[in-house]
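J.: Just dropping this structure here.
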Amino acid sequence: MSNTTIKLQQKKVNLLDFTTEKLKDFFIEKGEKPFRATQIIKWMHQYCVDDFEQMTNVSKTLRSELQKFAEIRAPEVVLDQASSDGTHKWLLRLEDGNCIETVFIPEKDRGTLCVSSQVGCALDCTFCSTARQGFNRNLTVAEIIGQLWAAKRSLQPDAGNERVISNVVMMGMGEPLLNFSHVVDAMKLMLDDNAYGLSKRRVTLSTSGVVPALDRLRGEVEVSLALSLHAGNDQLRNKLVPINKKYPLKVLMDACKRYMKGKAARERITIEYVMLDGVNDTDQHARELIYTLKGVPSKVNLIPFNPFPETRYKRSPIKRINQFRDILIASGLIVVTRRTRGDDIDAACGQLAGQVNDRSRREIHFSRIEQET
Ligand code: SAH
């Protein structure tokens, strides 16, 4: 086979995989000026351009050079659903045929995009429908930031500076801290003024509590943190969020304290607590939660459970949620009950499923856990 044939067969480099810093290094290696990287990052992320020909301030020679070895490829939108409350859900197809979901939630003062980090999820949280899909693989940086890219392009076809998406939460499918380096690079792009320029208070990573990765996160990128707690005692949390067996509450809460050390007084970890009827919603559970959160700067988000087919859980009645909330508030905690959005299109928390080609045989694992709980 001749050299040219080999070259033609090489896969193109996807420039959505690069942070500004990494693209600069890449260009320097190719003998290009590093400022070209900033120009191209702006074209890609601020103006959602995926065609080098449209990059008018980039020299013709570089543009045609880029055509040869590079591409700008985001996941393909295969379904765009709008809920009666304005929520949007996109089904995005990846190169390997798997599909992931991304959700946009408009509110009066902000627009939040809920982004996925993995194809499926490797954790077994018993109340989450993504868990039922099993796990296939980590998303690439291009596939994570590509969700923001595709949503921005779909919501503001003319792109530009108007900011429809003001907040990003890594609360879609997957456990972001188990896809550490790709999630970190994607979040760097979210914060980068040459890309999306979101404030660090408006980019939130939600985790079930992967302690070693949580310790690494602080040194890598500064974002807000949400913790999926759901129980204030180890016995119950072991059942609901099985990774608790590896990193129990004491270890996890100490890691949260380390994460918050030296941060401004107004900064808090969002504690997510899904309200499951008769499972974790009694007065005693509220008191356990208060005890667990002692010394952790936190605000509690109570999430009414969103059902999905074949789940055995039920949403706590609103009266119970309110009583639970009042006990927390009386102890001095800040508490909000999350409004359920987009449930008519299965876009609410924990309902994202996509189309995952499960490689983990997790359904077997799952039924075992169900028998144990
Ligand atoms: N793996 C990460 C991010 C994905 S889950 C994490 O665990 O935080 C995002 C949020 O949705 C979590 O707080 C999760 O507990 C919540 N969630 C999952 N299933 C839910 C359901 N069925 N109803 C309501 N919230 C749910």
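Quick note on naming: the chains in the structure tokens go A, B, ... in the order shown, residues restart at 1 in each chain, and ligands are numbered from 1 in order of appearance.
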Counting only C-alpha atoms, what is within 7 Å of Asn138 in chain A, bar same-chain residues fewer than 2 positions away, as a list in words?
T.: Ser117, Gln118, Val119, Thr140 and Asn179 of chain A
J.: Emit the selected residues as a short mmCIF file (atom, residue, chain, number, x, y, z; two decimals), in the first residue's frame, including N, CA and C atoms.
T.:
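Writing the result to result-v7.cif gives the following:
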data_model
loop_
_atom_site.label_atom_id
_atom_site.label_comp_id
_atom_site.auth_asym_id
_atom_site.auth_seq_id
_atom_site.Cartn_x
_atom_site.Cartn_y
_atom_site.Cartn_z
N SER A 117 -22.22 12.31 30.49
CA SER A 117 -20.76 12.11 30.49
C SER A 117 -20.35 10.70 30.05
N GLN A 118 -21.31 9.77 30.04
CA GLN A 118 -20.99 8.41 29.64
C GLN A 118 -22.16 7.84 28.82
N VAL A 119 -21.87 6.77 28.06
CA VAL A 119 -22.94 6.04 27.40
C VAL A 119 -23.45 5.04 28.43
N THR A 140 -16.17 10.91 24.66
CA THR A 140 -14.96 11.70 24.38
C THR A 140 -15.24 13.16 24.75
N ASN A 179 -15.22 9.51 34.35
CA ASN A 179 -14.69 9.85 33.02
C ASN A 179 -13.90 11.15 33.20
#
J.: List every residue of chain A that has an atom at most 9 Å from any atom of ligand 1, giving for each one its closest atom pair and the distance in Å to one decimal, counting only C-alpha atoms and all ligand atoms, sorted by chain and then by ascending residue number, as a Markdown table.
T.:
| residue | atom | partner | partner_atom_place_in_ligand_line | distance |
| --- | --- | --- | --- | --- |
| A:Cys114 | CA | ligand 1 | 9 (C) | 8.8 |
| A:Ser116 | CA | ligand 1 | 4 (C) | 7.7 |
| A:Ser117 | CA | ligand 1 | 3 (C) | 8.3 |
| A:Cys121 | CA | ligand 1 | 1 (N) | 7.5 |
| A:Leu123 | CA | ligand 1 | 1 (N) | 7.6 |
| A:Cys125 | CA | ligand 1 | 18 (C) | 7.6 |
| A:Thr126 | CA | ligand 1 | 19 (N) | 8.2 |
| A:Phe127 | CA | ligand 1 | 22 (N) | 5.1 |
| A:Cys128 | CA | ligand 1 | 19 (N) | 3.5 |
| A:Ser129 | CA | ligand 1 | 22 (N) | 6.2 |
| A:Thr130 | CA | ligand 1 | 19 (N) | 7.5 |
| A:Ala131 | CA | ligand 1 | 19 (N) | 8.6 |
| A:Val169 | CA | ligand 1 | 9 (C) | 8.7 |
| A:Met170 | CA | ligand 1 | 3 (C) | 6.3 |
| A:Met171 | CA | ligand 1 | 9 (C) | 3.9 |
| A:Gly172 | CA | ligand 1 | 4 (C) | 5.1 |
| A:Met173 | CA | ligand 1 | 4 (C) | 5.5 |
| A:Gly174 | CA | ligand 1 | 1 (N) | 5.0 |
| A:Glu175 | CA | ligand 1 | 1 (N) | 3.6 |
| A:Pro176 | CA | ligand 1 | 1 (N) | 6.3 |
| A:Leu177 | CA | ligand 1 | 1 (N) | 8.1 |
| A:Leu178 | CA | ligand 1 | 1 (N) | 8.9 |
| A:Leu205 | CA | ligand 1 | 3 (C) | 7.7 |
| A:Ser206 | CA | ligand 1 | 8 (O) | 4.1 |
| A:Thr207 | CA | ligand 1 | 8 (O) | 3.7 |
| A:Ser208 | CA | ligand 1 | 7 (O) | 3.8 |
| A:Gly209 | CA | ligand 1 | 7 (O) | 7.5 |
| A:Ala226 | CA | ligand 1 | 8 (O) | 6.8 |
| A:Leu227 | CA | ligand 1 | 8 (O) | 5.8 |
| A:Ser228 | CA | ligand 1 | 13 (O) | 4.4 |
| A:Leu229 | CA | ligand 1 | 15 (O) | 7.4 |
| A:His230 | CA | ligand 1 | 15 (O) | 7.1 |
| A:Val241 | CA | ligand 1 | 7 (O) | 8.2 |
| A:Ile271 | CA | ligand 1 | 13 (O) | 8.1 |
| A:Glu272 | CA | ligand 1 | 13 (O) | 4.9 |
| A:Tyr273 | CA | ligand 1 | 13 (O) | 6.7 |
| A:Val274 | CA | ligand 1 | 25 (N) | 5.4 |
| A:Met275 | CA | ligand 1 | 24 (C) | 7.7 |
| A:Leu276 | CA | ligand 1 | 23 (N) | 8.6 |
| A:Asn301 | CA | ligand 1 | 13 (O) | 8.9 |
| A:Ile303 | CA | ligand 1 | 24 (C) | 5.6 |
| A:Pro304 | CA | ligand 1 | 24 (C) | 5.9 |
| A:Phe305 | CA | ligand 1 | 23 (N) | 3.8 |
| A:Asn306 | CA | ligand 1 | 23 (N) | 3.7 |
| A:Pro307 | CA | ligand 1 | 22 (N) | 5.5 |
| A:Phe308 | CA | ligand 1 | 22 (N) | 6.8 |
| A:Thr311 | CA | ligand 1 | 22 (N) | 8.7 |
| A:Tyr313 | CA | ligand 1 | 22 (N) | 8.6 |
| A:Arg315 | CA | ligand 1 | 23 (N) | 8.3 |
| A:Thr340 | CA | ligand 1 | 24 (C) | 8.6 |
| A:Ala348 | CA | ligand 1 | 24 (C) | 7.1 |
| A:Cys349 | CA | ligand 1 | 25 (N) | 4.4 |
| A:Gly350 | CA | ligand 1 | 19 (N) | 3.0 |
| A:Gln351 | CA | ligand 1 | 22 (N) | 5.9 |
| A:Leu352 | CA | ligand 1 | 19 (N) | 8.5 |
J.: Tell me, which residues of range 257-309 of chain A carry DSSP strand (DSSP E or B), written as a ChimeraX atom specification?
T.: /A:269-276,298-304
J.: Restricting the calculation to only C-alpha atoms: of A:Asp254, A:Val221, A:Arg201, A:Thr282, which residue gets closest to Thr270 in chain A?
T.: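 Ranked by minimum distance to Thr270 in chain A, first place goes to A:Arg201.
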J.: Would you please give, as a ChimeraX atom specification, all residues of range 102-243 of chain A that DSSP assigns to alpha helix (DSSP H) based on the backbone?
T.: /A:129-133,141-155,180-191,211-220,234-240
J.: Create the file for the chosen residues now, containing N, CA and C atoms and written as a short mmCIF file (atom, residue, chain, number, x, y, z; two decimals), in the first residue's frame.
T.:
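New file out-v7.cif:
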data_model
loop_
_atom_site.label_atom_id
_atom_site.label_comp_id
_atom_site.auth_asym_id
_atom_site.auth_seq_id
_atom_site.Cartn_x
_atom_site.Cartn_y
_atom_site.Cartn_z
N SER A 129 -33.07 5.47 36.02
CA SER A 129 -33.35 4.65 34.84
C SER A 129 -32.10 4.48 33.97
N THR A 130 -31.15 5.40 34.04
CA THR A 130 -29.91 5.22 33.27
C THR A 130 -29.21 3.95 33.72
N ALA A 131 -29.29 3.66 35.02
CA ALA A 131 -28.64 2.46 35.56
C ALA A 131 -29.15 1.20 34.87
N ARG A 132 -30.42 1.23 34.53
CA ARG A 132 -31.03 0.05 33.89
C ARG A 132 -30.49 -0.21 32.50
N GLN A 133 -29.97 0.84 31.87
CA GLN A 133 -29.46 0.71 30.50
C GLN A 133 -28.14 -0.02 30.46
N VAL A 141 -14.19 13.99 24.74
CA VAL A 141 -14.39 15.43 24.99
C VAL A 141 -15.34 15.98 23.93
N ALA A 142 -15.10 15.58 22.68
CA ALA A 142 -15.94 16.09 21.57
C ALA A 142 -17.41 15.72 21.78
N GLU A 143 -17.65 14.54 22.34
CA GLU A 143 -19.04 14.11 22.54
C GLU A 143 -19.67 14.82 23.74
N ILE A 144 -18.86 15.20 24.71
CA ILE A 144 -19.42 15.93 25.86
C ILE A 144 -19.67 17.38 25.48
N ILE A 145 -18.62 18.05 24.97
CA ILE A 145 -18.80 19.47 24.61
C ILE A 145 -19.71 19.57 23.38
N GLY A 146 -19.74 18.51 22.58
CA GLY A 146 -20.60 18.47 21.40
C GLY A 146 -22.08 18.57 21.76
N GLN A 147 -22.44 18.17 22.96
CA GLN A 147 -23.84 18.30 23.40
C GLN A 147 -24.19 19.78 23.56
N LEU A 148 -23.26 20.53 24.15
CA LEU A 148 -23.47 21.97 24.31
C LEU A 148 -23.49 22.63 22.93
N TRP A 149 -22.56 22.21 22.11
CA TRP A 149 -22.43 22.74 20.74
C TRP A 149 -23.74 22.51 19.97
N ALA A 150 -24.24 21.28 20.03
CA ALA A 150 -25.45 20.94 19.27
C ALA A 150 -26.67 21.66 19.84
N ALA A 151 -26.76 21.75 21.16
CA ALA A 151 -27.91 22.41 21.78
C ALA A 151 -27.89 23.90 21.46
N LYS A 152 -26.70 24.50 21.55
CA LYS A 152 -26.59 25.93 21.24
C LYS A 152 -26.99 26.18 19.78
N ARG A 153 -26.50 25.34 18.91
CA ARG A 153 -26.80 25.49 17.49
C ARG A 153 -28.29 25.32 17.22
N SER A 154 -28.92 24.41 17.95
CA SER A 154 -30.33 24.17 17.73
C SER A 154 -31.19 25.29 18.33
N LEU A 155 -30.75 25.84 19.47
CA LEU A 155 -31.55 26.87 20.14
C LEU A 155 -31.32 28.26 19.56
N PHE A 180 -12.96 11.10 34.12
CA PHE A 180 -12.36 12.30 34.69
C PHE A 180 -11.75 13.26 33.66
N SER A 181 -10.75 12.78 32.91
CA SER A 181 -9.98 13.74 32.10
C SER A 181 -10.84 14.34 30.98
N HIS A 182 -11.74 13.55 30.40
CA HIS A 182 -12.58 14.10 29.33
C HIS A 182 -13.58 15.13 29.89
N VAL A 183 -14.13 14.82 31.07
CA VAL A 183 -15.08 15.75 31.68
C VAL A 183 -14.36 17.05 32.07
N VAL A 184 -13.15 16.91 32.60
CA VAL A 184 -12.39 18.11 32.99
C VAL A 184 -12.12 18.99 31.77
N ASP A 185 -11.66 18.40 30.66
CA ASP A 185 -11.38 19.20 29.46
C ASP A 185 -12.66 19.85 28.92
N ALA A 186 -13.75 19.10 28.94
CA ALA A 186 -15.01 19.68 28.44
C ALA A 186 -15.43 20.85 29.33
N MET A 187 -15.25 20.71 30.64
CA MET A 187 -15.64 21.81 31.54
C MET A 187 -14.71 23.01 31.37
N LYS A 188 -13.43 22.76 31.05
CA LYS A 188 -12.51 23.87 30.77
C LYS A 188 -13.03 24.68 29.59
N LEU A 189 -13.55 23.98 28.57
CA LEU A 189 -14.10 24.69 27.41
C LEU A 189 -15.37 25.47 27.80
N MET A 190 -16.17 24.90 28.70
CA MET A 190 -17.39 25.61 29.13
C MET A 190 -17.02 26.94 29.79
N LEU A 191 -15.90 26.95 30.56
CA LEU A 191 -15.50 28.14 31.29
C LEU A 191 -14.68 29.11 30.43
N VAL A 211 -14.66 9.37 45.71
CA VAL A 211 -13.82 10.20 46.57
C VAL A 211 -12.43 10.54 45.97
N PRO A 212 -11.64 9.58 45.48
CA PRO A 212 -10.31 9.96 44.99
C PRO A 212 -10.39 10.98 43.83
N ALA A 213 -11.39 10.80 42.96
CA ALA A 213 -11.53 11.73 41.82
C ALA A 213 -11.98 13.11 42.31
N LEU A 214 -12.79 13.12 43.36
CA LEU A 214 -13.25 14.38 43.92
C LEU A 214 -12.05 15.16 44.47
N ASP A 215 -11.13 14.46 45.09
CA ASP A 215 -9.92 15.11 45.59
C ASP A 215 -9.07 15.67 44.46
N ARG A 216 -9.07 14.98 43.32
CA ARG A 216 -8.25 15.46 42.19
C ARG A 216 -8.90 16.65 41.50
N LEU A 217 -10.22 16.71 41.55
CA LEU A 217 -10.96 17.69 40.76
C LEU A 217 -10.54 19.13 41.07
N ARG A 218 -10.35 19.40 42.35
CA ARG A 218 -10.09 20.78 42.75
C ARG A 218 -8.86 21.37 42.09
N GLY A 219 -7.84 20.58 41.95
CA GLY A 219 -6.61 21.07 41.34
C GLY A 219 -6.72 21.21 39.83
N GLU A 220 -7.77 20.69 39.23
CA GLU A 220 -7.86 20.64 37.77
C GLU A 220 -8.71 21.76 37.18
N ASP A 234 -25.40 4.92 56.40
CA ASP A 234 -24.67 4.06 55.45
C ASP A 234 -25.49 2.86 54.98
N GLN A 235 -26.27 2.30 55.91
CA GLN A 235 -27.01 1.09 55.56
C GLN A 235 -27.97 1.36 54.38
N LEU A 236 -28.69 2.47 54.48
CA LEU A 236 -29.64 2.81 53.42
C LEU A 236 -28.92 3.27 52.16
N ARG A 237 -27.88 4.08 52.35
CA ARG A 237 -27.16 4.58 51.15
C ARG A 237 -26.47 3.46 50.40
N ASN A 238 -26.00 2.43 51.13
CA ASN A 238 -25.41 1.27 50.45
C ASN A 238 -26.38 0.66 49.46
N LYS A 239 -27.66 0.68 49.81
CA LYS A 239 -28.68 0.08 48.95
C LYS A 239 -29.04 1.00 47.79
N LEU A 240 -29.17 2.29 48.08
CA LEU A 240 -29.64 3.22 47.03
C LEU A 240 -28.52 3.60 46.07
#
J.: Here is a test: counting only C-alpha atoms, which residue of A:Ala70, A:Pro106, A:Phe26, A:Glu65 is nearest to Ala82 in chain A?
T.: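 Smallest distance to Ala82 in chain A is found for A:Pro106.
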J.: Using only C-alpha atoms for the distances, tell me which of A:Val296, A:Leu16, A:Val336, A:Asn280 is nearest to Val49 in chain A.
T.: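 Of A:Val296, A:Leu16, A:Val336, A:Asn280, the one nearest Val49 in chain A, counting only C-alpha atoms, is A:Leu16.
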J.: A:Asp192, A:Asp109, A:Asp96, A:Glu222: which is nearest Asn167 in chain A, counting only C-alpha atoms?
T.: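 With only C-alpha atoms as the atom set, the closest residue is A:Asp109.
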J.: Report, in Å to a single decimal, how far apart CA of Gly120 in chain A and CA of Thr204 in chain A are.
T.: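 Taking CA of Thr204 in chain A as the start and CA of Gly120 in chain A as the end point, the length is 19.6 Å.
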